[in-house]
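Source file: upload31.pdb. Holds: PDB, C-alpha atoms.
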ATOM      1  CA  MET A   1     142.393-128.507 -74.412
ATOM      2  CA  ASN A   2     142.283-125.147 -76.191
ATOM      3  CA  LYS A   3     141.271-122.678 -73.503
ATOM      4  CA  ASP A   4     140.486-120.068 -76.146
ATOM      5  CA  ARG A   5     137.546-122.238 -77.184
ATOM      6  CA  MET A   6     136.391-122.898 -73.631
ATOM      7  CA  ILE A   7     134.633-120.903 -70.927
ATOM      8  CA  LEU A   8     136.117-120.425 -67.473
ATOM      9  CA  ARG A   9     133.517-121.686 -64.988
ATOM     10  CA  THR A  10     135.466-122.262 -61.768
ATOM     11  CA  ARG A  11     138.654-120.487 -60.710
ATOM     12  CA  PHE A  12     141.706-122.332 -59.376
ATOM     13  CA  ILE A  13     141.312-121.192 -55.760
ATOM     14  CA  GLU A  14     137.732-122.479 -55.784
ATOM     15  CA  ARG A  15     138.695-125.806 -57.343
ATOM     16  CA  ALA A  16     141.614-126.282 -54.947
ATOM     17  CA  SER A  17     139.370-125.557 -51.958
ATOM     18  CA  HIS A  18     136.714-127.927 -53.285
ATOM     19  CA  TRP A  19     139.076-130.881 -53.773
ATOM     20  CA  LEU A  20     140.863-130.305 -50.456
ATOM     21  CA  MET A  21     137.454-130.230 -48.798
ATOM     22  CA  VAL A  22     136.529-133.499 -50.560
ATOM     23  CA  ILE A  23     139.646-135.230 -49.189
ATOM     24  CA  CYS A  24     139.024-133.988 -45.651
ATOM     25  CA  PHE A  25     135.327-134.835 -45.857
ATOM     26  CA  LEU A  26     136.075-138.414 -46.923
ATOM     27  CA  ALA A  27     138.344-138.869 -43.910
ATOM     28  CA  VAL A  28     135.742-137.386 -41.552
ATOM     29  CA  ALA A  29     132.844-139.329 -43.092
ATOM     30  CA  LEU A  30     134.633-142.687 -43.021
ATOM     31  CA  SER A  31     135.782-142.298 -39.434
ATOM     32  CA  GLY A  32     132.302-141.136 -38.421
ATOM     33  CA  LEU A  33     130.637-144.151 -40.053
ATOM     34  CA  SER A  34     133.032-146.436 -38.186
ATOM     35  CA  TRP A  35     131.389-145.360 -34.909
ATOM     36  CA  PHE A  36     127.870-145.257 -36.296
ATOM     37  CA  LEU A  37     127.840-148.907 -37.379
ATOM     38  CA  PRO A  38     129.906-151.579 -35.537
ATOM     39  CA  SER A  39     130.317-153.559 -38.786
ATOM     40  CA  LEU A  40     132.217-150.590 -40.255
ATOM     41  CA  ASN A  41     134.621-150.289 -37.336
ATOM     42  CA  GLY A  42     137.621-150.838 -39.618
ATOM     43  CA  LEU A  43     136.994-147.510 -41.347
ATOM     44  CA  ASN A  44     138.519-145.615 -38.431
ATOM     45  CA  GLY A  45     141.856-146.786 -39.812
ATOM     46  CA  VAL A  46     141.636-143.855 -42.210
ATOM     47  CA  PHE A  47     143.538-141.896 -39.556
ATOM     48  CA  GLY A  48     145.876-144.743 -38.684
ATOM     49  CA  THR A  49     144.469-145.940 -35.374
ATOM     50  CA  PRO A  50     141.098-145.652 -33.591
ATOM     51  CA  GLN A  51     142.726-143.378 -31.027
ATOM     52  CA  MET A  52     144.028-141.007 -33.705
ATOM     53  CA  ALA A  53     140.604-141.070 -35.381
ATOM     54  CA  ARG A  54     139.002-139.877 -32.124
ATOM     55  CA  ILE A  55     141.493-137.026 -31.906
ATOM     56  CA  LEU A  56     141.625-135.947 -35.548
ATOM     57  CA  HIS A  57     137.992-136.429 -36.594
ATOM     58  CA  PRO A  58     136.732-133.150 -35.056
ATOM     59  CA  PHE A  59     139.732-131.142 -36.257
ATOM     60  CA  PHE A  60     139.247-132.346 -39.830
ATOM     61  CA  GLY A  61     135.563-131.566 -39.410
ATOM     62  CA  VAL A  62     136.420-127.965 -38.595
ATOM     63  CA  VAL A  63     138.634-127.813 -41.697
ATOM     64  CA  VAL A  64     135.709-129.045 -43.815
ATOM     65  CA  PHE A  65     133.477-126.365 -42.278
ATOM     66  CA  LEU A  66     135.995-123.570 -42.938
ATOM     67  CA  LEU A  67     136.533-124.658 -46.547
ATOM     68  CA  LEU A  68     132.787-124.816 -47.116
ATOM     69  CA  MET A  69     132.388-121.347 -45.632
ATOM     70  CA  PHE A  70     135.022-120.066 -48.048
ATOM     71  CA  LEU A  71     133.141-121.664 -50.945
ATOM     72  CA  PHE A  72     129.906-120.242 -49.521
ATOM     73  CA  ILE A  73     131.316-116.728 -49.746
ATOM     74  CA  ARG A  74     132.503-117.359 -53.307
ATOM     75  CA  PHE A  75     129.292-118.938 -54.609
ATOM     76  CA  VAL A  76     126.392-117.642 -52.534
ATOM     77  CA  ARG A  77     125.520-114.874 -54.999
ATOM     78  CA  TYR A  78     124.953-117.491 -57.701
ATOM     79  CA  ASN A  79     122.751-119.651 -55.457
ATOM     80  CA  LEU A  80     120.169-117.124 -54.344
ATOM     81  CA  PRO A  81     116.556-117.959 -55.303
ATOM     82  CA  GLU A  82     115.321-116.409 -58.549
ATOM     83  CA  PRO A  83     111.906-116.355 -60.273
ATOM     84  CA  GLN A  84     113.351-118.482 -63.102
ATOM     85  CA  ASP A  85     113.938-121.342 -60.651
ATOM     86  CA  ARG A  86     110.234-122.125 -60.782
ATOM     87  CA  LEU A  87     110.591-123.138 -64.436
ATOM     88  CA  TRP A  88     113.223-125.719 -63.493
ATOM     89  CA  PHE A  89     110.976-127.293 -60.859
ATOM     90  CA  ARG A  90     107.960-127.290 -63.203
ATOM     91  CA  ASN A  91     109.997-129.115 -65.840
ATOM     92  CA  LEU A  92     111.775-131.485 -63.423
ATOM     93  CA  PRO A  93     110.701-134.703 -65.243
ATOM     94  CA  GLY A  94     112.184-133.389 -68.487
ATOM     95  CA  VAL A  95     115.365-132.278 -66.706
ATOM     96  CA  LEU A  96     115.809-135.750 -65.201
ATOM     97  CA  ALA A  97     115.259-137.233 -68.667
ATOM     98  CA  GLY A  98     118.187-135.196 -69.965
ATOM     99  CA  LYS A  99     116.146-132.762 -72.038
ATOM    100  CA  HIS A 100     117.769-129.345 -72.328
ATOM    101  CA  ASP A 101     115.211-126.650 -72.941
ATOM    102  CA  PRO A 102     116.572-123.108 -73.375
ATOM    103  CA  ALA A 103     113.244-121.781 -72.068
ATOM    104  CA  LEU A 104     114.268-122.944 -68.572
ATOM    105  CA  GLN A 105     116.435-119.831 -68.271
ATOM    106  CA  ILE A 106     119.071-121.523 -66.077
ATOM    107  CA  GLY A 107     121.774-119.282 -64.649
ATOM    108  CA  LYS A 108     125.201-120.401 -63.456
ATOM    109  CA  TYR A 109     123.520-122.950 -61.173
ATOM    110  CA  ASN A 110     120.120-124.531 -61.602
ATOM    111  CA  ALA A 111     117.435-124.740 -58.925
ATOM    112  CA  GLY A 112     118.421-128.286 -57.940
ATOM    113  CA  GLN A 113     122.037-127.245 -57.413
ATOM    114  CA  LYS A 114     120.847-124.332 -55.298
ATOM    115  CA  VAL A 115     118.794-126.640 -53.075
ATOM    116  CA  MET A 116     121.836-128.887 -52.672
ATOM    117  CA  PHE A 117     124.051-125.875 -51.920
ATOM    118  CA  TRP A 118     121.819-124.647 -49.093
ATOM    119  CA  GLY A 119     121.244-128.190 -47.836
ATOM    120  CA  ILE A 120     124.983-128.830 -47.545
ATOM    121  CA  MET A 121     125.595-125.490 -45.844
ATOM    122  CA  GLY A 122     122.762-126.053 -43.390
ATOM    123  CA  LEU A 123     123.889-129.563 -42.496
ATOM    124  CA  ILE A 124     127.538-128.599 -42.041
ATOM    125  CA  SER A 125     126.415-125.826 -39.664
ATOM    126  CA  LEU A 126     124.392-128.357 -37.652
ATOM    127  CA  LEU A 127     127.399-130.660 -37.557
ATOM    128  CA  LEU A 128     129.665-127.885 -36.302
ATOM    129  CA  VAL A 129     127.311-126.827 -33.494
ATOM    130  CA  SER A 130     126.508-130.379 -32.382
ATOM    131  CA  GLY A 131     130.159-131.372 -32.782
ATOM    132  CA  VAL A 132     131.258-128.639 -30.381
ATOM    133  CA  VAL A 133     128.727-129.861 -27.799
ATOM    134  CA  ILE A 134     130.097-133.429 -27.883
ATOM    135  CA  TRP A 135     133.790-132.566 -28.412
ATOM    136  CA  ARG A 136     135.804-134.119 -25.596
ATOM    137  CA  PRO A 137     137.877-133.086 -23.753
ATOM    138  CA  TYR A 138     137.541-129.448 -24.850
ATOM    139  CA  PHE A 139     133.889-128.404 -24.874
ATOM    140  CA  ALA A 140     131.718-131.325 -23.750
ATOM    141  CA  PRO A 141     132.366-130.655 -20.006
ATOM    142  CA  LEU A 142     130.642-127.293 -20.461
ATOM    143  CA  PHE A 143     127.321-128.966 -21.315
ATOM    144  CA  SER A 144     124.881-131.134 -19.395
ATOM    145  CA  ILE A 145     124.481-134.863 -20.075
ATOM    146  CA  PRO A 146     121.046-134.386 -21.722
ATOM    147  CA  ALA A 147     122.510-131.679 -24.002
ATOM    148  CA  ILE A 148     125.364-134.003 -24.999
ATOM    149  CA  ARG A 149     122.914-136.800 -25.779
ATOM    150  CA  ILE A 150     120.872-134.481 -27.987
ATOM    151  CA  GLY A 151     124.114-133.302 -29.586
ATOM    152  CA  LEU A 152     125.118-136.881 -30.366
ATOM    153  CA  LEU A 153     121.750-137.595 -31.981
ATOM    154  CA  VAL A 154     121.771-134.403 -34.046
ATOM    155  CA  HIS A 155     125.386-134.977 -35.084
ATOM    156  CA  ALA A 156     124.697-138.541 -36.223
ATOM    157  CA  LEU A 157     121.541-137.662 -38.169
ATOM    158  CA  ALA A 158     123.084-134.590 -39.787
ATOM    159  CA  GLY A 159     126.204-136.580 -40.657
ATOM    160  CA  VAL A 160     124.254-139.344 -42.404
ATOM    161  CA  ALA A 161     122.098-136.776 -44.219
ATOM    162  CA  LEU A 162     125.180-134.892 -45.413
ATOM    163  CA  ILE A 163     126.848-138.092 -46.641
ATOM    164  CA  LEU A 164     123.722-138.980 -48.636
ATOM    165  CA  LEU A 165     123.531-135.474 -50.066
ATOM    166  CA  VAL A 166     127.191-135.558 -51.089
ATOM    167  CA  ILE A 167     126.712-138.973 -52.725
ATOM    168  CA  GLY A 168     123.821-137.485 -54.695
ATOM    169  CA  HIS A 169     125.967-134.495 -55.637
ATOM    170  CA  ALA A 170     128.773-136.760 -56.879
ATOM    171  CA  TYR A 171     126.369-138.975 -58.826
ATOM    172  CA  LEU A 172     124.835-136.001 -60.641
ATOM    173  CA  ALA A 173     128.290-134.620 -61.404
ATOM    174  CA  PHE A 174     129.202-137.863 -63.191
ATOM    175  CA  TRP A 175     125.745-138.141 -64.768
ATOM    176  CA  VAL A 176     125.991-134.731 -66.470
ATOM    177  CA  LYS A 177     128.849-135.265 -68.901
ATOM    178  CA  GLY A 178     131.414-132.470 -68.758
ATOM    179  CA  SER A 179     130.738-131.431 -65.163
ATOM    180  CA  ILE A 180     133.716-133.284 -63.686
ATOM    181  CA  ARG A 181     136.055-131.844 -66.298
ATOM    182  CA  GLY A 182     134.782-128.399 -65.407
ATOM    183  CA  MET A 183     135.633-128.934 -61.739
ATOM    184  CA  VAL A 184     139.063-130.390 -62.550
ATOM    185  CA  THR A 185     140.245-127.959 -65.233
ATOM    186  CA  GLY A 186     137.905-125.071 -64.459
ATOM    187  CA  TYR A 187     136.755-124.855 -68.074
ATOM    188  CA  VAL A 188     133.629-126.027 -69.905
ATOM    189  CA  SER A 189     132.777-126.030 -73.583
ATOM    190  CA  HIS A 190     130.462-123.478 -75.166
ATOM    191  CA  ARG A 191     128.149-126.339 -76.118
ATOM    192  CA  TRP A 192     127.988-127.617 -72.530
ATOM    193  CA  ALA A 193     127.318-124.153 -71.105
ATOM    194  CA  LYS A 194     124.639-123.393 -73.707
ATOM    195  CA  ALA A 195     122.899-126.752 -73.134
ATOM    196  CA  HIS A 196     122.913-126.818 -69.321
ATOM    197  CA  HIS A 197     123.089-123.149 -68.275
ATOM    198  CA  GLY A 198     121.659-121.150 -71.155
ATOM    199  CA  ARG A 199     121.068-117.861 -69.355
ATOM    200  CA  TRP A 200     124.545-117.907 -67.817
ATOM    201  CA  TYR A 201     126.026-118.724 -71.236
ATOM    202  CA  ARG A 202     124.296-115.733 -72.820
ATOM    203  CA  GLN A 203     125.526-113.468 -70.015
ATOM    204  CA  ILE A 204     129.111-114.677 -70.472
ATOM    205  CA  SER A 205     128.889-114.358 -74.260
ATOM    206  CA  ALA A 206     127.516-110.825 -74.026
ATOM    207  CA  ARG A 207     130.304-109.882 -71.636
ATOM    208  CA  GLN A 208     132.965-111.309 -73.960
ATOM    209  CA  ASP A 209     131.434-109.569 -76.979
ATOM    210  CA  GLY A 210     131.485-106.295 -75.070
ATOM    211  CA  LYS A 211     135.195-106.691 -74.302
ATOM    212  CA  SER A 212     136.050-107.532 -77.910
ATOM    213  CA  LYS A 213     134.458-104.323 -79.245
TER     214      LYS A 213
END
Whole structure, structure tokens version:
Amino acid sequence: MNKDRMILRTRFIERASHWLMVICFLAVALSGLSWFLPSLNGLNGVFGTPQMARILHPFFGVVVFLLLMFLFIRFVRYNLPEPQDRLWFRNLPGVLAGKHDPALQIGKYNAGQKVMFWGIMGLISLLLVSGVVIWRPYFAPLFSIPAIRIGLLVHALAGVALILLVIGHAYLAFWVKGSIRGMVTGYVSHRWAKAHHGRWYRQISARQDGKSK
């Protein structure tokens, strides 16, 4: 890969945090599903033993939250709502059909990615709060039985919703050719950037032209 012919989209620290978060999230999600459905009980072996899963699950959950908060700080400015987002929603059928229209004026992230970004951040916050309420033996004794029951329900629902959202995120990453390479190497081609994120591509190109003068 000739980096001189590519565009840097994601820096190393962001990619490293993302993939570390993915590993931790898989461990947390699998162990959580093992308690949600009896038929998946064997998944708690991801931490070695069921006992270790009970101990490590919340700690790994906190790690996932902290990594996501780091990524939030790095990416939030690119995921704020913009007037151009309305164009993406209006042309959603064409977007799903793989049609790339430069008139959509897509920045570094499109409107769908922004919705997913805020959805993931909201759900992980719910999981942290509800997780603290039900976390034995450290915090659960501080709450009443009804509060713990509500915490368990919220934690389970938010956990399933987050897993589904992450599955959707992964599917779309594989569906849009070049996205995975961008998150592994950090670089995308000019053609990819121009096709999927035209406004961002023009901003990057203008910045590079300004430096070369």
Of the listed residues A:Arg136, A:Arg207, A:Arg202, A:Arg54, that which approaches Ile106 of chain A most closely, counting only C-alpha atoms: A:Arg202
Quick one: pull the distance between atom CA of Tyr187 of chain A and atom CA of Leu164 of chain A, Å, one decimal.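 Result for atom CA of Tyr187 of chain A versus atom CA of Leu164 of chain A: 27.3 Å, one decimal.
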His169 of chain A environment, 10 Å, all atoms listed in the file, sequence neighbours closer than 6 positions dropped, as a ChimeraX atom specification: /A:113,116-117,120,163,175
Could you give me, as a list in words, the residues within 10 Å of segment 33-36 of chain A, counting only C-alpha atoms and dropping anything in the same chain fewer than 3 positions from it?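 Listed by chain and then number, they are Val28, Ala29, Leu30, Ser39, Leu40, Asn41, Gly42, Leu43, Asn44, Gly45, Val46, Pro50, Ala53, Arg54, Ala156, Gly159, Val160 and Ile163 of chain A.
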For Tyr109 of chain A, find every residue with an atom within 10 Å (counting all atoms listed in the file), except residues of its own chain fewer than 4 positions away, and show them as a PyMOL selection string. chain A and resi 75+78-80+85+113-114+117+196-197+199-200
Quick one: distance from atom CA of Ile23 of chain A to atom CA of Met6 of chain A in Å, one decimal? 27.6 Å
As AutoDock Vina command-line options, please report the centre and edge lengths, rounded to one decimal in Å, of the axis-aligned box that holds all listed atoms of segment 74-92 of chain A with 5 Å of padding on each of the six sides.
--center_x 120.2 --center_y -123.2 --center_z -59.2 --size_x 34.5 --size_y 26.6 --size_z 23.3
Between atom CA of Ala158 of chain A and atom CA of Arg90 of chain A, measure the distance and give it in Å to one decimal. 28.8 Å
